[in-house]
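What follows is the content of data_23.txt, which has compact mmCIF, C-alpha atoms:
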```txt
# COMPACT_ATOMS: atom_id res chain seq x y z
CA MET P 1 -31.26 16.35 18.03
CA SER P 2 -27.64 16.89 19.12
CA ASN P 3 -26.00 20.28 19.42
CA ARG P 4 -22.93 19.27 17.50
CA PRO P 5 -22.09 21.92 14.92
CA ILE P 6 -22.27 20.87 11.28
CA THR P 7 -18.78 20.47 9.80
CA GLU P 8 -17.45 20.46 6.25
CA ASP P 9 -16.74 16.76 6.81
CA ASP P 10 -20.45 16.25 7.53
CA LEU P 11 -21.34 17.91 4.25
CA HIS P 12 -19.06 15.59 2.30
CA ALA P 13 -20.29 12.55 4.19
CA TYR P 14 -23.82 13.69 3.33
CA VAL P 15 -22.91 13.82 -0.37
CA ASP P 16 -21.21 10.42 -0.13
CA ARG P 17 -24.17 8.94 1.78
CA VAL P 18 -22.10 7.62 4.63
CA LEU P 19 -23.75 9.49 7.52
CA GLU P 20 -25.60 7.71 10.31
CA PRO P 21 -29.37 8.22 9.87
CA GLU P 22 -29.57 10.53 12.88
CA ARG P 23 -26.73 12.77 11.71
CA TRP P 24 -28.11 12.67 8.18
CA ALA P 25 -31.38 14.16 9.47
CA GLU P 26 -29.49 16.91 11.29
CA VAL P 27 -27.51 17.83 8.18
CA ALA P 28 -30.67 17.72 6.04
CA SER P 29 -32.49 20.15 8.31
CA TYR P 30 -29.42 22.40 8.43
CA LEU P 31 -29.40 22.47 4.63
CA ASP P 32 -33.11 23.37 4.61
CA ALA P 33 -32.28 26.40 6.71
CA HIS P 34 -29.17 27.38 4.70
CA PRO P 35 -29.99 27.45 0.99
CA ASP P 36 -26.55 28.81 0.00
CA VAL P 37 -24.80 25.83 1.60
CA ALA P 38 -27.48 23.54 0.18
CA ARG P 39 -26.68 24.83 -3.33
CA ARG P 40 -23.00 23.99 -2.85
CA VAL P 41 -23.84 20.53 -1.55
CA ALA P 42 -26.19 19.96 -4.49
CA ILE P 43 -23.36 20.82 -6.90
CA PHE P 44 -21.08 18.32 -5.12
CA ALA P 45 -23.78 15.67 -5.40
CA ASP P 46 -24.22 16.44 -9.12
CA GLN P 47 -20.48 16.15 -9.67
CA ARG P 48 -20.51 12.80 -7.94
CA GLU P 49 -23.31 11.49 -10.11
CA SER P 50 -21.73 12.83 -13.32
CA LEU P 51 -18.40 11.22 -12.47
CA ARG P 52 -20.01 7.88 -11.75
CA THR P 53 -22.05 8.01 -14.95
CA ALA P 54 -19.08 9.09 -17.05
CA LEU P 55 -16.80 6.35 -15.71
CA ALA P 56 -19.35 3.55 -15.47
CA PRO P 57 -18.88 2.33 -19.09
CA ILE P 58 -15.23 1.44 -18.34
CA ALA P 59 -16.32 -1.08 -15.71
CA GLU P 60 -18.82 -2.59 -18.16
CA GLU P 61 -16.30 -3.29 -20.92
CA PRO P 62 -15.54 -6.99 -21.41
CA LEU P 63 -12.24 -7.93 -19.77
CA PRO P 64 -9.34 -8.57 -22.16
CA PRO P 65 -7.60 -11.98 -21.85
CA GLU P 66 -4.63 -10.36 -20.03
CA LEU P 67 -6.95 -9.52 -17.16
CA ASN P 68 -8.46 -13.00 -16.86
CA LEU P 69 -7.58 -13.92 -13.30
CA ALA P 70 -7.81 -17.66 -13.87
CA HIS P 71 -5.14 -17.33 -16.60
CA ILE P 72 -2.93 -15.28 -14.30
CA ILE P 73 -3.19 -17.91 -11.56
CA ASP P 74 -2.44 -20.73 -14.01
CA GLY P 75 0.46 -18.80 -15.52
CA ARG P 76 1.98 -18.34 -12.11
CA ARG P 77 1.68 -22.05 -11.30
CA GLN P 78 3.50 -22.90 -14.50
CA ARG P 79 6.16 -20.30 -13.89
CA HIS P 80 6.83 -21.66 -10.40
CA PRO P 81 7.25 -25.43 -10.67
CA PRO P 82 9.56 -27.13 -8.12
CA ALA P 83 11.80 -24.15 -8.65
CA TRP P 84 15.22 -25.67 -9.25
CA TRP P 85 16.50 -22.28 -10.30
CA ALA P 86 15.43 -20.80 -6.95
CA LEU P 87 17.33 -23.57 -5.16
CA ALA P 88 20.35 -22.93 -7.34
CA ALA P 89 20.10 -19.19 -6.60
CA ALA P 90 19.82 -19.92 -2.87
CA ALA P 91 22.90 -22.12 -3.04
CA MET P 92 24.84 -19.37 -4.81
CA LEU P 93 23.66 -16.90 -2.18
CA LEU P 94 24.82 -19.17 0.65
CA ILE P 95 28.22 -19.47 -0.96
CA ALA P 96 28.35 -15.70 -1.33
CA ILE P 97 27.29 -15.13 2.28
CA GLY P 98 29.82 -17.69 3.45
CA GLY P 99 32.56 -15.87 1.58
CA ALA P 100 31.46 -12.43 2.69
CA GLY P 101 30.92 -13.61 6.26
CA GLY P 102 34.42 -15.00 6.45
CA TRP P 103 35.79 -11.78 5.14
CA ILE P 104 33.80 -9.67 7.61
CA ILE P 105 34.72 -11.86 10.58
CA ARG P 106 38.39 -11.71 9.65
CA GLY P 107 38.18 -7.93 9.41
CA GLU P 108 36.43 -7.61 12.76
CA LEU P 109 38.82 -9.96 14.52
CA GLN P 110 41.71 -7.84 13.44
CA ALA P 111 40.05 -4.56 14.38
CA VAL P 112 37.93 -5.08 17.49
CA PRO P 113 37.89 -8.77 18.41
CA LEU P 114 35.37 -8.69 21.28
CA VAL P 115 32.68 -6.74 19.52
CA SER P 116 31.67 -9.65 17.33
CA SER P 117 30.22 -11.76 20.13
CA GLY P 118 27.89 -9.17 21.70
CA LEU P 119 25.14 -6.78 20.74
CA ALA P 120 26.99 -5.51 17.67
CA ALA P 121 27.14 -9.04 16.27
CA LEU P 122 23.44 -9.52 16.90
CA ALA P 123 22.66 -6.25 15.14
CA GLN P 124 24.77 -7.36 12.17
CA GLU P 125 23.01 -10.74 12.04
CA ALA P 126 19.61 -9.03 12.08
CA ALA P 127 20.63 -6.60 9.34
CA ASP P 128 22.02 -9.44 7.20
CA SER P 129 18.86 -11.50 7.69
CA TYR P 130 16.79 -8.52 6.64
CA SER P 131 18.90 -7.90 3.53
CA VAL P 132 18.68 -11.55 2.49
CA TYR P 133 15.08 -12.42 3.30
CA ALA P 134 13.03 -9.19 3.19
CA PRO P 135 13.40 -8.76 -0.62
CA ASP P 136 12.48 -12.44 -1.14
CA HIS P 137 9.04 -12.74 -2.71
CA VAL P 138 9.03 -16.52 -3.06
CA HIS P 139 9.94 -17.84 0.39
CA PRO P 140 10.61 -14.91 2.73
CA VAL P 141 9.68 -17.13 5.68
CA GLU P 142 9.90 -20.82 6.33
CA VAL P 143 6.86 -21.19 8.57
CA ARG P 144 3.94 -18.91 7.80
CA ALA P 145 1.81 -16.94 10.24
CA PRO P 146 -1.17 -19.36 10.23
CA ASP P 147 1.18 -21.97 11.77
CA THR P 148 2.39 -19.68 14.55
CA PRO P 149 1.98 -22.29 17.35
CA GLU P 150 4.25 -24.67 15.44
CA LEU P 151 6.70 -21.82 14.79
CA VAL P 152 6.84 -20.87 18.48
CA GLN P 153 7.35 -24.50 19.55
CA TRP P 154 10.13 -25.02 17.03
CA MET P 155 11.97 -21.80 17.93
CA SER P 156 11.64 -22.45 21.66
CA ASP P 157 13.06 -25.98 21.21
CA ARG P 158 16.01 -24.80 19.17
CA LEU P 159 16.83 -21.73 21.29
CA HIS P 160 16.18 -23.56 24.60
CA GLN P 161 14.15 -20.52 25.63
CA ALA P 162 10.45 -19.78 25.67
CA VAL P 163 10.22 -17.65 22.54
CA LYS P 164 7.31 -15.25 22.14
CA VAL P 165 6.27 -13.80 18.79
CA PRO P 166 5.88 -10.01 19.13
CA ASP P 167 2.52 -8.64 18.01
CA LEU P 168 3.08 -5.44 15.96
CA SER P 169 -0.51 -5.01 14.81
CA THR P 170 -0.92 -1.73 16.71
CA SER P 171 1.78 -0.30 14.44
CA GLY P 172 0.05 -1.66 11.34
CA PHE P 173 2.43 -4.59 10.80
CA ARG P 174 1.19 -8.16 10.64
CA LEU P 175 3.20 -11.31 11.10
CA MET P 176 4.17 -13.05 7.85
CA GLY P 177 5.94 -15.89 9.65
CA GLY P 178 9.46 -16.83 10.68
CA ARG P 179 12.51 -18.94 10.12
CA LEU P 180 15.55 -20.24 11.95
CA ILE P 181 18.77 -18.33 11.21
CA ALA P 182 22.27 -19.75 11.57
CA THR P 183 24.69 -17.42 13.37
CA SER P 184 28.18 -18.05 14.63
CA HIS P 185 26.62 -17.90 18.13
CA GLY P 186 24.07 -20.62 17.49
CA PRO P 187 20.54 -20.57 16.15
CA ALA P 188 18.49 -17.36 16.12
CA ALA P 189 14.77 -16.90 15.54
CA MET P 190 13.72 -14.45 12.83
CA PHE P 191 10.19 -13.12 12.55
CA MET P 192 9.07 -11.10 9.56
CA TYR P 193 6.24 -8.57 9.37
CA ASP P 194 4.71 -6.43 6.67
CA ASP P 195 2.17 -3.67 6.33
CA ASP P 196 -0.38 -2.77 3.66
CA HIS P 197 2.25 -0.96 1.64
CA GLY P 198 4.52 -3.96 1.45
CA GLU P 199 7.06 -2.51 3.89
CA ARG P 200 8.76 -5.31 5.77
CA LEU P 201 10.33 -5.49 9.23
CA VAL P 202 12.38 -8.23 10.83
CA VAL P 203 12.81 -9.12 14.50
CA LEU P 204 15.79 -11.35 15.31
CA THR P 205 16.30 -12.90 18.73
CA ARG P 206 18.82 -15.34 20.23
CA PRO P 207 20.46 -16.16 23.56
CA MET P 208 23.47 -13.95 24.32
CA THR P 209 26.80 -15.19 25.66
CA THR P 210 28.11 -11.67 26.25
CA ASP P 211 26.13 -8.43 26.59
CA GLN P 212 23.34 -10.24 28.39
CA ASN P 213 21.67 -7.02 29.54
CA GLU P 214 22.15 -4.05 27.29
CA PRO P 215 20.17 -0.84 26.83
CA MET P 216 18.55 -0.27 23.44
CA ARG P 217 20.95 1.08 20.83
CA PRO P 218 20.29 2.19 17.26
CA HIS P 219 22.30 0.66 14.43
CA SER P 220 22.32 1.31 10.72
CA GLY P 221 24.19 0.50 7.55
CA GLY P 222 23.30 0.88 3.90
CA ASP P 223 19.56 0.84 3.35
CA VAL P 224 18.88 -0.91 6.64
CA ALA P 225 18.39 0.51 10.12
CA GLY P 226 17.32 -0.92 13.44
CA PHE P 227 17.54 -1.10 17.21
CA ALA P 228 19.21 -3.80 19.30
CA TRP P 229 19.07 -4.59 23.02
CA ALA P 230 19.37 -7.49 25.46
CA ASP P 231 17.31 -8.46 28.49
CA ASN P 232 17.98 -11.39 30.84
CA GLY P 233 20.31 -13.17 28.46
CA MET P 234 18.18 -12.79 25.33
CA GLY P 235 19.25 -10.39 22.60
CA TYR P 236 16.82 -8.71 20.23
CA SER P 237 17.11 -6.58 17.15
CA LEU P 238 14.36 -4.94 15.13
CA VAL P 239 15.40 -4.05 11.60
CA GLY P 240 13.66 -2.26 8.75
CA PRO P 241 14.39 -0.10 5.72
CA SER P 242 16.29 3.02 6.80
CA SER P 243 13.49 5.09 5.25
CA ALA P 244 11.01 3.61 7.75
CA LYS P 245 9.58 6.09 10.18
CA ALA P 246 9.16 5.38 13.86
CA LEU P 247 11.15 2.16 14.24
CA ARG P 248 11.96 3.20 17.81
CA PRO P 249 8.39 3.00 19.19
CA ILE P 250 7.98 -0.39 17.51
CA ALA P 251 11.23 -1.57 19.11
CA ASP P 252 9.98 -0.31 22.48
CA ASP P 253 6.77 -2.25 21.90
CA VAL P 254 8.70 -5.46 21.10
CA ARG P 255 10.79 -5.02 24.23
CA ARG P 256 7.75 -4.40 26.41
CA GLN P 257 6.05 -7.52 25.08
CA ALA P 258 9.15 -9.67 25.58
CA THR P 259 9.61 -8.67 29.20
CA THR P 260 6.00 -8.97 30.33
CA MET N 1 -6.40 -20.06 -4.82
CA ASN N 2 -10.11 -20.66 -5.19
CA ASP N 3 -11.13 -18.06 -2.59
CA MET N 4 -8.86 -15.62 -4.35
CA LEU N 5 -10.68 -16.13 -7.63
CA LEU N 6 -14.04 -15.65 -5.93
CA LEU N 7 -12.99 -12.55 -4.02
CA VAL N 8 -10.80 -10.76 -6.55
CA GLU N 9 -12.48 -11.43 -9.88
CA PRO N 10 -15.59 -9.32 -9.20
CA MET N 11 -13.35 -6.34 -8.39
CA ILE N 12 -11.40 -6.28 -11.66
CA PRO N 13 -13.86 -3.95 -13.47
CA ALA N 14 -13.58 -1.39 -10.65
CA LEU N 15 -9.78 -1.65 -10.67
CA ARG N 16 -9.80 -0.99 -14.42
CA ARG N 17 -12.05 2.00 -13.96
CA TYR N 18 -9.82 3.50 -11.27
CA ALA N 19 -6.65 2.86 -13.27
CA ARG N 20 -8.06 4.40 -16.43
CA ALA N 21 -9.40 7.45 -14.62
CA LEU N 22 -5.96 7.93 -13.07
CA VAL N 23 -3.69 7.43 -16.08
CA ARG N 24 -6.28 7.94 -18.87
CA ASN N 25 -4.51 5.85 -21.49
CA PRO N 26 -6.52 2.59 -21.70
CA ALA N 27 -3.54 0.37 -22.60
CA THR N 28 -1.37 1.77 -19.81
CA ALA N 29 -4.26 1.42 -17.37
CA ASP N 30 -4.83 -2.24 -18.25
CA ASP N 31 -1.07 -2.90 -17.93
CA LEU N 32 -1.24 -1.52 -14.40
CA VAL N 33 -4.26 -3.68 -13.56
CA GLN N 34 -2.50 -6.75 -14.93
CA ASP N 35 0.59 -5.99 -12.78
CA CYS N 36 -1.72 -5.47 -9.84
CA LEU N 37 -3.45 -8.83 -10.34
CA GLU N 38 -0.13 -10.64 -10.70
CA ARG N 39 1.08 -9.11 -7.47
CA ALA N 40 -2.18 -9.94 -5.74
CA VAL N 41 -1.80 -13.58 -6.81
CA SER N 42 1.81 -13.86 -5.65
CA HIS N 43 1.24 -11.94 -2.37
CA TRP N 44 -2.18 -13.36 -1.58
CA HIS N 45 -0.98 -14.88 1.72
CA GLN N 46 0.06 -11.41 2.92
CA ARG N 47 -3.31 -9.73 2.78
CA ARG N 48 -5.25 -9.01 5.94
CA GLU N 49 -8.39 -10.92 6.74
CA GLY N 50 -11.60 -9.34 5.55
CA ASP N 51 -12.44 -7.28 2.49
CA PRO N 52 -9.47 -7.38 0.05
CA ARG N 53 -10.70 -4.26 -1.79
CA PRO N 54 -8.54 -1.68 0.03
CA TRP N 55 -5.55 -4.03 -0.32
CA LEU N 56 -6.05 -4.36 -4.09
CA PHE N 57 -6.51 -0.61 -4.55
CA THR N 58 -3.36 -0.02 -2.48
CA ILE N 59 -1.31 -2.26 -4.79
CA LEU N 60 -2.81 -0.64 -7.89
CA HIS N 61 -2.35 2.90 -6.63
CA ASN N 62 1.30 2.31 -5.70
CA LEU N 63 1.99 0.82 -9.13
CA ALA N 64 0.37 3.86 -10.76
CA VAL N 65 2.40 6.26 -8.64
CA ASN N 66 5.61 4.45 -9.54
CA ARG N 67 4.66 4.67 -13.19
CA PHE N 68 4.07 8.45 -12.84
CA ARG N 69 7.45 8.83 -11.18
CA ARG N 70 9.27 6.89 -13.87
CA THR N 71 7.54 8.85 -16.60
CA SER N 72 8.25 12.22 -15.03
CA ARG N 73 11.90 11.28 -14.45
CA ARG N 74 12.25 10.66 -18.16
CA GLY N 75 11.05 14.21 -18.61
CA THR N 76 8.13 13.33 -20.86
CA HIS N 77 5.44 13.84 -18.27
CA LEU N 78 4.05 17.07 -19.64
CA THR N 79 3.91 16.03 -23.26
CA LEU N 80 2.46 12.65 -22.37
CA GLU N 81 -0.20 14.29 -20.27
CA GLN N 82 -1.07 16.72 -23.03
CA ALA N 83 -1.26 13.89 -25.52
CA LEU N 84 -3.53 11.89 -23.25
CA GLU N 85 -5.72 14.88 -22.65
CA SER N 86 -6.27 15.50 -26.32
CA GLU N 87 -6.86 11.80 -26.84
CA LEU N 88 -9.45 11.84 -24.11
CA ARG N 89 -11.09 14.93 -25.53
CA GLU N 90 -11.39 13.34 -28.91
CA GLU N 91 -12.81 10.14 -27.54
CA ALA N 92 -15.20 12.04 -25.33
CA ALA N 93 -16.43 14.19 -28.16
CA GLN N 94 -17.10 11.20 -30.31
CA GLU N 95 -18.57 8.72 -27.90
CA ARG N 96 -19.80 10.40 -24.79
CA THR N 97 -22.39 12.93 -23.86
CA VAL N 98 -21.38 16.53 -23.37
CA MET N 99 -21.95 16.17 -19.65
CA CYS N 100 -19.56 13.22 -19.37
CA LYS N 101 -16.93 14.90 -21.47
CA ASP N 102 -17.18 18.01 -19.37
CA VAL N 103 -16.78 16.27 -16.02
CA LEU N 104 -13.92 14.07 -17.31
CA ASP N 105 -12.14 17.11 -18.70
CA ARG N 106 -12.40 18.80 -15.34
CA LEU N 107 -11.29 15.63 -13.56
CA ALA N 108 -8.23 15.46 -15.82
CA LYS N 109 -7.23 18.96 -14.75
CA LEU N 110 -7.10 18.05 -11.06
CA PRO N 111 -3.67 17.36 -9.51
CA ASP N 112 -3.05 13.61 -9.09
CA ASP N 113 -3.39 13.61 -5.29
CA LEU N 114 -6.81 15.29 -5.37
CA ARG N 115 -8.01 13.14 -8.26
CA SER N 116 -7.20 9.86 -6.53
CA VAL N 117 -9.07 10.84 -3.35
CA LEU N 118 -12.13 11.93 -5.29
CA LEU N 119 -12.14 8.74 -7.40
CA LEU N 120 -11.72 6.35 -4.47
CA VAL N 121 -14.42 8.05 -2.41
CA ALA N 122 -16.99 9.20 -4.94
CA VAL N 123 -16.66 6.56 -7.65
CA GLU N 124 -15.20 3.45 -6.00
CA ASP N 125 -17.19 3.86 -2.77
CA LEU N 126 -14.24 3.26 -0.47
CA SER N 127 -14.80 4.50 3.07
CA TYR N 128 -12.79 7.55 4.16
CA ALA N 129 -10.76 5.25 6.44
CA ASP N 130 -9.99 2.78 3.63
CA THR N 131 -9.08 5.65 1.30
CA ALA N 132 -6.62 6.88 3.94
CA LYS N 133 -5.08 3.39 4.07
CA VAL N 134 -4.82 3.05 0.30
CA LEU N 135 -3.08 6.42 -0.06
CA ASN N 136 -1.08 6.05 3.17
CA ILE N 137 -2.22 9.45 4.45
CA PRO N 138 -4.12 10.51 7.61
CA ILE N 139 -7.90 10.59 7.37
CA GLY N 140 -7.83 14.38 7.95
CA THR N 141 -5.80 14.73 4.76
CA VAL N 142 -8.36 12.61 2.90
CA MET N 143 -11.10 15.01 4.01
CA SER N 144 -9.18 18.15 3.11
CA ARG N 145 -8.20 16.76 -0.31
CA LEU N 146 -11.78 15.67 -0.96
CA SER N 147 -12.97 19.14 -0.10
CA ARG N 148 -10.35 20.80 -2.33
CA ALA N 149 -11.12 18.42 -5.20
CA ARG N 150 -14.82 19.23 -5.07
CA GLU N 151 -14.24 22.98 -4.74
CA ARG N 152 -11.91 22.94 -7.75
CA LEU N 153 -14.37 21.07 -9.93
CA GLN N 154 -17.05 23.53 -8.90
CA GLN N 155 -14.85 26.59 -9.60
CA ASP N 156 -14.28 25.22 -13.03
CA VAL N 157 -18.01 25.00 -13.58
CA ASP N 158 -18.48 28.57 -12.39
CA GLY N 159 -15.63 29.75 -14.62
CA SER N 160 -16.98 28.13 -17.76
CA ALA N 161 -20.58 29.10 -16.94
CA SER N 162 -19.70 32.76 -17.45
CA GLU N 163 -18.77 32.04 -21.07
CA PRO N 164 -21.41 29.64 -22.25
CA SER N 165 -21.21 30.64 -25.92
CA ASP N 166 -17.46 29.98 -26.10
CA ASN N 167 -18.04 26.59 -24.64
CA VAL N 168 -20.60 25.61 -27.23
CA VAL N 169 -18.43 26.78 -30.11
CA GLN N 170 -15.49 24.83 -28.74
CA LEU N 171 -17.52 21.66 -28.43
CA ARG N 172 -18.77 21.96 -31.99
CA SER N 173 -15.33 22.63 -33.38
CA VAL N 174 -14.03 19.44 -31.78
CA LYS N 175 -16.72 17.41 -33.48
```
Starting from the file, give its structure as structure tokens.
Amino acid sequence: MSNRPITEDDLHAYVDRVLEPERWAEVASYLDAHPDVARRVAIFADQRESLRTALAPIAEEPLPPELNLAHIIDGRRQRHPPAWWALAAAAMLLIAIGGAGGWIIRGELQAVPLVSSGLAALAQEAADSYSVYAPDHVHPVEVRAPDTPELVQWMSDRLHQAVKVPDLSTSGFRLMGGRLIATSHGPAAMFMYDDDHGERLVVLTRPMTTDQNEPMRPHSGGDVAGFAWADNGMGYSLVGPSSAKALRPIADDVRRQATT
Amino acid sequence: MNDMLLLVEPMIPALRRYARALVRNPATADDLVQDCLERAVSHWHQRREGDPRPWLFTILHNLAVNRFRRTSRRGTHLTLEQALESELREEAAQERTVMCKDVLDRLAKLPDDLRSVLLLVAVEDLSYADTAKVLNIPIGTVMSRLSRARERLQQDVDGSASEPSDNVVQLRSVK
């Protein structure tokens, strides 16, 4: 028998029957010796049983047609045929971006001409990619995560650089996939990630003509925030919703992975 | 799509149970489950490998929270809750045993954050770690909320136990 003191957490785990057998025995003998605590635990166990009994009939009711999963799957298939409307919407979006892009570039040229070729431009491209693709629930990425080898090969060919896909799983984000992005400085690779709560992040990377080595800098605008930097001629930007916590450590992680 | 049907379909009854215990109104609860299933179908490629249960409960819970927020912003939260509570009481009195009615009444009085922890752990059998993921809170917070939820239910029992005769009269008058 271990000497570990019995905790409140142990008592709840005892009630919920999730203790290891050895620990279960320790808690059981503790309860034998402490009838007042045992009474409390017995009440918790009664509550648990009453709740389960009281709510069980709901799970036994026949499912209404609206909750028939096969219907929902079929309905979705019919609602998403070779979506001409999505193509039309994409075309409209491209026209809009083209217009807006021209306007922004003209503005920047007049104000600070050189900024638009370096890190600031990269940050803007990453933020724009996020705004366009992160809310997309039909085709947020072009090549999905299961085809990562193909994605890496394609991006490396187009960027003329060995492109690595950052692994953000330690931060709870998994790769959804990626796509090629057109920028006025050539092709860029975009990778998209999401977590269990549907929060999405984007990493954009491309070769840099200016600002080839730049320390990490935060950038933000509207609902979007991120960090951009450049190492050995490659620029990177990590972008997420401005409400996202702890983008910086994730950016550090991406940078570490890219340089090792 | 086939693996989705096999994996998700058996979980629909549990999702209904959780939704109804959270929002109490059966029609609203089924609406939430339907939204949840539609999202699960359209986002199926985004789930993690392994058991999709925590993922499904996460979607459902977030939908329910959004619904709460919308309702409370409209300023009808209190009246709606009172209406649901009386509805539940009526239903319970008619169809369920006194024990069930009692525990559901006490469950309904818990704050939302305590109620969801207790339901996920004690009724839906999610692990403490999965419950933390579903609610997007640290596991320590799961344990402290679980503890508070159980203490509150118990206090309620102790409180009503001191006035047993009142309780009986009240139950009869409802019938």
Interface residues on chain N facing chain P, 7 Å, all atoms listed in the file, written as a list in words = Leu5, Glu9, Pro13, Ala14, Arg16, Arg17, Gln34, Glu38, Val41, Gln46, Trp55, Cys100, Val103, Ala122, Val123, Met143 and Arg150 of chain N
Enclose the full set of atoms of region 50-61 of chain P listed in the file within a box whose edges lie along x, y and z, apply 4 Å of padding to each of the six sides, and report centre and edge lengths in Å to one decimal as AutoDock Vina command-line options.
```
--center_x -18.6 --center_y 4.8 --center_z -16.3 --size_x 14.8 --size_y 24.1 --size_z 17.2
```
request  = Would you mind reading off the distance between CA of Gly50 (chain N) and CA of Thr131 (chain N), one decimal, in Å?
outcome  =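 That distance, rounded to one decimal, is 15.8 Å.
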query = Can you tell me how far CA of Ala188 (chain P) sits from CA of Gln257 (chain P), in Å to one decimal?
reply =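 Straight-line distance from CA of Ala188 (chain P) to CA of Gln257 (chain P) works out to 18.2 Å.
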request  = Record the distance separating CA of Asn66 (chain N) and CA of Pro10 (chain N), expressed in Å with one decimal.
outcome  =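 Separation between CA of Asn66 (chain N) and CA of Pro10 (chain N): 25.3 Å.
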message = With only C-alpha atoms as the counted atoms, please give the residues lying no more than 9 Å from Met190 (chain P), apart from itself and same-chain residues fewer than 3 positions off, as a ChimeraX atom specification.
response = /P:126,129,141,177-181,202-205
task = Tell me which of N:Met4, N:Leu63, N:Leu15, N:Leu114 sits closest to Arg152 (chain N), counting all atoms listed in the file.
result =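 Smallest separation from Arg152 (chain N) among the options: N:Leu114.
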key: Residue nearest Val121 (chain N) among N:Ile139, N:Ala64, N:Arg106, N:Leu146 (counting all atoms listed in the file)   =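 Selected residue with least distance to Val121 (chain N): N:Leu146.
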Can region 224-235 of chain P be brought up to N, CA and C atoms and written out as a short mmCIF file (atom, residue, chain, number, x, y, z; two decimals), keeping the file's coordinate frame?
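As a result, result.cif now contains:
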```
data_model
loop_
_atom_site.label_atom_id
_atom_site.label_comp_id
_atom_site.auth_asym_id
_atom_site.auth_seq_id
_atom_site.Cartn_x
_atom_site.Cartn_y
_atom_site.Cartn_z
N VAL P 224 19.53 -0.22 5.53
CA VAL P 224 18.88 -0.91 6.64
C VAL P 224 19.19 -0.20 7.94
N ALA P 225 18.16 -0.10 8.81
CA ALA P 225 18.39 0.51 10.12
C ALA P 225 17.63 -0.28 11.17
N GLY P 226 18.03 -0.17 12.41
CA GLY P 226 17.32 -0.92 13.44
C GLY P 226 17.75 -0.54 14.84
N PHE P 227 17.20 -1.28 15.81
CA PHE P 227 17.54 -1.10 17.21
C PHE P 227 17.84 -2.47 17.80
N ALA P 228 18.87 -2.53 18.66
CA ALA P 228 19.21 -3.80 19.30
C ALA P 228 19.31 -3.60 20.81
N TRP P 229 18.98 -4.63 21.56
CA TRP P 229 19.07 -4.59 23.02
C TRP P 229 19.11 -6.01 23.54
N ALA P 230 19.37 -6.16 24.86
CA ALA P 230 19.37 -7.49 25.46
C ALA P 230 18.76 -7.40 26.86
N ASP P 231 17.93 -8.38 27.17
CA ASP P 231 17.31 -8.46 28.49
C ASP P 231 17.40 -9.90 28.98
N ASN P 232 17.94 -10.07 30.19
CA ASN P 232 17.98 -11.39 30.84
C ASN P 232 18.55 -12.48 29.93
N GLY P 233 19.63 -12.16 29.25
CA GLY P 233 20.31 -13.17 28.46
C GLY P 233 19.79 -13.35 27.05
N MET P 234 18.68 -12.69 26.71
CA MET P 234 18.18 -12.79 25.33
C MET P 234 18.44 -11.47 24.60
N GLY P 235 19.00 -11.58 23.41
CA GLY P 235 19.25 -10.39 22.60
C GLY P 235 18.15 -10.23 21.56
#
```
